[in-house]
Amino acid sequence: MPVLVELRGVSKHYRRADTGETVVAVEDVSLDVHQGEVLGVIGYSGAGKSTLVRLVNALELPSSGTVSVAGKELTAIPERDRRLARRNIGMIFQQFNLFRSRTIAGNVAYPLKVAGVPKDERDRRVAELLDFVGLLERAHAYPEQLSGGQKQRVGIARALAASPDLLLADEATSALDPETTSEVLGLLRRVNKELGVTIIVITHEMDAVRQIADRVAVMEQGRVVEVGDVYDVFSAPKTGAAQRFVRTALHDRPSPDTLARLRERHPGRLVTVQITDEAGLQNRIDAVFRSAGVTAELVYGGVGEIRERRIGSLTYELTAGGIAGAGAGAPDAVDRAVAALRADGVTTDEEAAA
Amino acid sequence: MNNSFQSVIDTFDVFLAAMRDTIVMSLVSLVIAGIIGLALGLLLYATRPGNLLGNRTAYTIINVVVNLVRPIPFVIFLAAIAPLSRVVVQTTIGVPAVTFAISLAAAFAVSRIVEQNLLAVDPGVVEAARASGAHPVSILLTVLIPEGLGPLILGYTFIYIGIVDMTAQGALIGGGGLGEYAITYGSQRYDWWIVYVSVAAIVVIVQLGQFVGNRLARATLRR
């Protein structure tokens, strides 16, 4: 896929006005965003992701490094040309940032006015966009008359007005309830699929990444510490930050509290097996348990889908002994079962004893 | 001491002319100060470091000038501005000189009101406009002013009342208007009826302005 956005060694340092000390917002980030993809950028607040997205449309200029969008190096051209380049980059915001003095139609028309589109064509385009986001009948309402989800849909329509190739979503669902969040993410997905717009989604919610992104970049202290396909990062997060985010979205592994409660009821050894989309996985796991002579009781877990591929994990209580459970199994049966699973390429973690 | 209403009736033509002068001076200087102050306020807002046209040098210069002029009491300003009004309006007395002085003095007050109200506009909408690729000057005129219009109208209403007050002080340089009427026909002759009628007339002029301002502000704020 051709590259639409190219960041090379980008850093952004601020000098704090009050103390005069230098704050590092973004540090040495190199990142490609491919044409037509949805890239999730996840990080805790203060990780530098909002600054990063503002470097992409040159609302902020980097302290060092280069930023290119659609082959134009924004860091090397005059501000006048950067303004032209921004017309090709839509942006939506956490607080929607709609113009309160304009109607819904007026908000959507604004980027078209900026671009000098004639009035009749502007009206046609505004109607088309409001229809796309399902708000045509509210064209003459004012922003304060809309719900949060509706406001964000107007924000999306406005961001798409000038038919940009790239859409930046800065915490676009963070002010919305879960149901509205799904609705807005679904709309963004349509923007990507039906209109072919490349999207960068900035968020602190891994669930949003899971629902919409093709690839994900994990940010921590200004750096991108991990980048990869969403499925790969979810199934095998490499960094601590990625692991923490994956855990918040999947809910498939027991938390320490849950684990303590499980132990009270289940005296056997607790082993968590990672579920991937490999065919026949369940049968292989069962076969391993049977041949090792352990009894497996499913005590916790969850299996779902990411990008239409199966993902999740299951926690078993393993006790030595056959199905008959007469206590006849060898004492090392559980160890053999775990070793056999690992040898078979199944990611298996034994939960540490309490 | 004259305590009869007769003196008001006797000087009614003077009263009417004074009323007309006050209204003309107030409105003309409101418009001129409004325009100059708006431009100055936009400059203050835009050149503030970190803003649309952030420029520390320009901001500091404008800021210092505004701060130097603003604290000068208007009665002193009236006298101090005389050489300049001789150049610009070719006189140092009467309605033209007073209008000139008010227009200038009030412009600096307006600039602060404009700056404050623009600073209160959500920076998010400015960012949204910048992200659309709009030019900073276009953002000032087509986003910031409309977004801050309601509070701006209330600010201008506040200034208008200050301007009516200034017109009365114009009596010092023969400004005409109700202030001069109240002093020369009223207090200096111990004719309290004339003073009170002048006060009542000014109250009416101020109330009308406040009413119009409130109405306009409510219409733009849609509440």
# chains A, B, ... in the order shown; residues from 1 in each chain; ligands from 1
call {"tool": "select_by_dssp", "arguments": {"residues": "region 28-168 of chain A", "states": "alpha helix (DSSP H)", "output": "PyMOL selection string"}}
result
chain A and resi 49-56+79-86+104-114+119-132+148-160
call {"tool": "write_last_selection", "arguments": {"atoms": "C-alpha atoms", "output": "PDB file, in the first residue's frame"}}
result
ATOM      1  CA  LYS A  49      -0.550  11.394  20.975  1.00  0.00           C
ATOM      2  CA  SER A  50      -2.541  14.626  20.636  1.00  0.00           C
ATOM      3  CA  THR A  51       0.637  16.516  19.822  1.00  0.00           C
ATOM      4  CA  LEU A  52       1.562  13.813  17.311  1.00  0.00           C
ATOM      5  CA  VAL A  53      -1.717  14.208  15.440  1.00  0.00           C
ATOM      6  CA  ARG A  54      -1.279  18.004  15.328  1.00  0.00           C
ATOM      7  CA  LEU A  55       2.122  17.502  13.766  1.00  0.00           C
ATOM      8  CA  VAL A  56       0.478  15.537  10.964  1.00  0.00           C
ATOM      9  CA  GLU A  79       2.685  28.377   5.815  1.00  0.00           C
ATOM     10  CA  ARG A  80       0.573  29.447   2.823  1.00  0.00           C
ATOM     11  CA  ASP A  81       1.127  26.036   1.228  1.00  0.00           C
ATOM     12  CA  ARG A  82       0.571  24.291   4.532  1.00  0.00           C
ATOM     13  CA  ARG A  83      -2.890  25.883   4.672  1.00  0.00           C
ATOM     14  CA  LEU A  84      -3.631  24.412   1.245  1.00  0.00           C
ATOM     15  CA  ALA A  85      -2.344  21.026   2.411  1.00  0.00           C
ATOM     16  CA  ARG A  86      -4.654  21.137   5.451  1.00  0.00           C
ATOM     17  CA  ILE A 104     -25.375  22.478  11.268  1.00  0.00           C
ATOM     18  CA  ALA A 105     -25.381  23.194   7.521  1.00  0.00           C
ATOM     19  CA  GLY A 106     -23.248  26.304   8.162  1.00  0.00           C
ATOM     20  CA  ASN A 107     -20.703  24.247  10.081  1.00  0.00           C
ATOM     21  CA  VAL A 108     -20.402  21.698   7.295  1.00  0.00           C
ATOM     22  CA  ALA A 109     -20.213  24.469   4.684  1.00  0.00           C
ATOM     23  CA  TYR A 110     -17.318  26.231   6.432  1.00  0.00           C
ATOM     24  CA  PRO A 111     -14.386  24.260   4.927  1.00  0.00           C
ATOM     25  CA  LEU A 112     -16.035  24.600   1.515  1.00  0.00           C
ATOM     26  CA  LYS A 113     -16.186  28.380   1.943  1.00  0.00           C
ATOM     27  CA  VAL A 114     -12.541  28.346   2.941  1.00  0.00           C
ATOM     28  CA  LYS A 119     -22.594  28.473  -3.319  1.00  0.00           C
ATOM     29  CA  ASP A 120     -24.781  26.063  -5.301  1.00  0.00           C
ATOM     30  CA  GLU A 121     -22.117  23.388  -5.317  1.00  0.00           C
ATOM     31  CA  ARG A 122     -21.556  24.028  -1.609  1.00  0.00           C
ATOM     32  CA  ASP A 123     -25.245  23.503  -0.835  1.00  0.00           C
ATOM     33  CA  ARG A 124     -25.302  20.290  -2.838  1.00  0.00           C
ATOM     34  CA  ARG A 125     -22.227  18.960  -1.049  1.00  0.00           C
ATOM     35  CA  VAL A 126     -23.547  19.928   2.405  1.00  0.00           C
ATOM     36  CA  ALA A 127     -26.813  18.061   1.738  1.00  0.00           C
ATOM     37  CA  GLU A 128     -24.890  15.038   0.509  1.00  0.00           C
ATOM     38  CA  LEU A 129     -22.673  14.981   3.624  1.00  0.00           C
ATOM     39  CA  LEU A 130     -25.545  15.505   6.069  1.00  0.00           C
ATOM     40  CA  ASP A 131     -27.349  12.671   4.357  1.00  0.00           C
ATOM     41  CA  PHE A 132     -24.266  10.476   4.712  1.00  0.00           C
ATOM     42  CA  GLY A 148     -23.136  14.485  21.764  1.00  0.00           C
ATOM     43  CA  GLY A 149     -23.259  11.712  19.191  1.00  0.00           C
ATOM     44  CA  GLN A 150     -25.075  13.952  16.713  1.00  0.00           C
ATOM     45  CA  LYS A 151     -22.529  16.724  17.287  1.00  0.00           C
ATOM     46  CA  GLN A 152     -19.699  14.356  16.476  1.00  0.00           C
ATOM     47  CA  ARG A 153     -21.504  13.261  13.321  1.00  0.00           C
ATOM     48  CA  VAL A 154     -21.666  16.919  12.302  1.00  0.00           C
ATOM     49  CA  GLY A 155     -17.960  17.151  13.142  1.00  0.00           C
ATOM     50  CA  ILE A 156     -17.317  14.224  10.822  1.00  0.00           C
ATOM     51  CA  ALA A 157     -19.417  15.749   8.036  1.00  0.00           C
ATOM     52  CA  ARG A 158     -17.535  19.047   8.422  1.00  0.00           C
ATOM     53  CA  ALA A 159     -14.163  17.276   8.401  1.00  0.00           C
ATOM     54  CA  LEU A 160     -15.114  15.459   5.198  1.00  0.00           C
TER      55      LEU A 160
END
call {"tool": "interface_residues", "arguments": {"of": "chain B", "to": "chain A", "cutoff": "9 Å", "atoms": "only C-alpha atoms", "output": "count of residues only"}}
result
22
call {"tool": "residues_around", "arguments": {"residues": "Ala106 (chain B)", "least_positions_apart": "2", "cutoff": "9 Å", "atoms": "only C-alpha atoms", "output": "VMD selection string"}}
result
chain B and resid 29 to 30 33 to 34 37 70 101 to 104 108 to 111 159 to 160 162 to 163
call {"tool": "select_by_dssp", "arguments": {"residues": "region 39-261 of chain A", "states": "strand (DSSP E)", "output": "PyMOL selection string"}}
result
chain A and resi 39-42+64-69+72-73+89-93+166-170+198-203+215-220+223-229
call {"tool": "write_last_selection", "arguments": {"atoms": "N, CA and C atoms", "output": "tab-separated table (two decimals), in the first residue's frame"}}
result
chain	number	residue	atom	x	y	z
A	39	LEU	N	-5.37	3.74	11.23
A	39	LEU	CA	-4.30	3.54	12.21
A	39	LEU	C	-4.78	4.06	13.56
A	40	GLY	N	-4.74	3.19	14.56
A	40	GLY	CA	-5.05	3.63	15.92
A	40	GLY	C	-3.76	4.06	16.60
A	41	VAL	N	-3.79	5.19	17.30
A	41	VAL	CA	-2.64	5.60	18.10
A	41	VAL	C	-3.13	5.64	19.54
A	42	ILE	N	-2.59	4.74	20.35
A	42	ILE	CA	-3.10	4.64	21.71
A	42	ILE	C	-2.02	5.00	22.71
A	64	SER	N	12.25	18.94	15.57
A	64	SER	CA	13.16	18.35	14.60
A	64	SER	C	12.44	17.20	13.90
A	65	GLY	N	12.98	16.78	12.76
A	65	GLY	CA	12.35	15.72	11.99
A	65	GLY	C	11.48	16.28	10.89
A	66	THR	N	10.97	15.37	10.04
A	66	THR	CA	10.16	15.81	8.91
A	66	THR	C	8.80	15.11	8.91
A	67	VAL	N	7.80	15.84	8.41
A	67	VAL	CA	6.44	15.32	8.29
A	67	VAL	C	6.02	15.49	6.84
A	68	SER	N	5.63	14.39	6.19
A	68	SER	CA	5.14	14.49	4.81
A	68	SER	C	3.74	13.88	4.73
A	69	VAL	N	2.86	14.56	4.00
A	69	VAL	CA	1.52	14.03	3.76
A	69	VAL	C	1.28	14.09	2.26
A	72	LYS	N	3.91	15.63	0.11
A	72	LYS	CA	4.33	17.00	0.35
A	72	LYS	C	4.98	17.09	1.72
A	73	GLU	N	6.18	17.63	1.76
A	73	GLU	CA	6.87	17.73	3.05
A	73	GLU	C	6.42	19.00	3.75
A	89	ILE	N	-6.77	17.41	4.68
A	89	ILE	CA	-6.71	16.65	5.93
A	89	ILE	C	-7.85	17.10	6.83
A	90	GLY	N	-8.84	16.25	7.03
A	90	GLY	CA	-9.94	16.60	7.93
A	90	GLY	C	-9.55	16.31	9.36
A	91	MET	N	-10.25	16.97	10.32
A	91	MET	CA	-9.94	16.69	11.72
A	91	MET	C	-11.20	16.74	12.56
A	92	ILE	N	-11.36	15.77	13.45
A	92	ILE	CA	-12.47	15.82	14.40
A	92	ILE	C	-11.89	15.77	15.82
A	93	PHE	N	-12.69	16.27	16.78
A	93	PHE	CA	-12.15	16.56	18.10
A	93	PHE	C	-12.99	15.92	19.21
A	166	LEU	N	-7.28	12.27	4.08
A	166	LEU	CA	-6.88	11.83	5.43
A	166	LEU	C	-7.80	12.46	6.47
A	167	LEU	N	-8.20	11.67	7.45
A	167	LEU	CA	-9.02	12.19	8.54
A	167	LEU	C	-8.29	11.92	9.86
A	168	LEU	N	-8.15	12.96	10.68
A	168	LEU	CA	-7.53	12.82	11.99
A	168	LEU	C	-8.63	12.86	13.04
A	169	ALA	N	-8.68	11.84	13.89
A	169	ALA	CA	-9.71	11.79	14.93
A	169	ALA	C	-9.00	11.87	16.28
A	170	ASP	N	-9.11	13.03	16.94
A	170	ASP	CA	-8.42	13.24	18.20
A	170	ASP	C	-9.36	12.94	19.37
A	198	THR	N	-8.31	7.59	4.51
A	198	THR	CA	-7.36	7.07	5.49
A	198	THR	C	-7.64	7.78	6.82
A	199	ILE	N	-7.62	7.03	7.93
A	199	ILE	CA	-7.98	7.63	9.22
A	199	ILE	C	-6.89	7.34	10.26
A	200	ILE	N	-6.54	8.38	11.01
A	200	ILE	CA	-5.69	8.19	12.19
A	200	ILE	C	-6.56	8.45	13.41
A	201	VAL	N	-6.73	7.44	14.23
A	201	VAL	CA	-7.59	7.55	15.41
A	201	VAL	C	-6.71	7.62	16.65
A	202	ILE	N	-6.80	8.75	17.34
A	202	ILE	CA	-6.07	8.93	18.60
A	202	ILE	C	-7.01	8.55	19.72
A	203	THR	N	-6.58	7.70	20.64
A	203	THR	CA	-7.49	7.31	21.70
A	203	THR	C	-6.72	6.77	22.90
A	215	ARG	N	-4.26	-1.12	12.00
A	215	ARG	CA	-2.97	-1.20	12.67
A	215	ARG	C	-3.02	-0.31	13.90
A	216	VAL	N	-2.12	-0.56	14.82
A	216	VAL	CA	-2.10	0.25	16.03
A	216	VAL	C	-0.67	0.65	16.37
A	217	ALA	N	-0.52	1.90	16.84
A	217	ALA	CA	0.78	2.36	17.35
A	217	ALA	C	0.58	2.68	18.82
A	218	VAL	N	1.43	2.12	19.67
A	218	VAL	CA	1.31	2.36	21.10
A	218	VAL	C	2.32	3.42	21.49
A	219	MET	N	1.84	4.49	22.15
A	219	MET	CA	2.74	5.58	22.56
A	219	MET	C	2.93	5.59	24.06
A	220	GLU	N	4.15	5.88	24.46
A	220	GLU	CA	4.46	6.01	25.88
A	220	GLU	C	5.56	7.05	26.02
A	223	ARG	N	7.15	8.53	22.84
A	223	ARG	CA	7.71	7.62	21.83
A	223	ARG	C	6.66	6.62	21.38
A	224	VAL	N	6.81	6.18	20.14
A	224	VAL	CA	6.00	5.05	19.67
A	224	VAL	C	6.78	3.79	20.04
A	225	VAL	N	6.26	3.03	21.01
A	225	VAL	CA	7.03	1.89	21.51
A	225	VAL	C	6.68	0.59	20.80
A	226	GLU	N	5.55	0.57	20.10
A	226	GLU	CA	5.15	-0.66	19.42
A	226	GLU	C	4.18	-0.32	18.29
A	227	VAL	N	4.41	-0.88	17.13
A	227	VAL	CA	3.49	-0.70	16.00
A	227	VAL	C	3.23	-2.06	15.38
A	228	GLY	N	2.01	-2.30	14.97
A	228	GLY	CA	1.75	-3.56	14.30
A	228	GLY	C	0.30	-3.69	13.91
A	229	ASP	N	-0.02	-4.77	13.20
A	229	ASP	CA	-1.41	-5.06	12.89
A	229	ASP	C	-2.15	-5.27	14.20
call {"tool": "closest_residue", "arguments": {"among": "B:Gly209, B:Gly54, B:Gly176, B:Gly186", "to": "Ala17 (chain B)", "atoms": "only C-alpha atoms"}}
result
B:Gly176
call {"tool": "residues_around", "arguments": {"residues": "region 187-196 of chain B", "least_positions_apart": "6", "cutoff": "10 Å", "atoms": "only C-alpha atoms", "output": "NGL selection string"}}
result
:B and (1-9 or 11-12 or 15 or 178-179 or 181 or 202)
call {"tool": "closest_residue", "arguments": {"among": "A:Ser45, A:Thr295, A:Ser163, A:Thr248", "to": "Arg269 (chain A)", "atoms": "only C-alpha atoms"}}
result
A:Thr295
call {"tool": "atom_distance", "arguments": {"atom1": "CA of Asn63 (chain B)", "atom2": "CA of Ile161 (chain B)"}}
result
24.0 Å
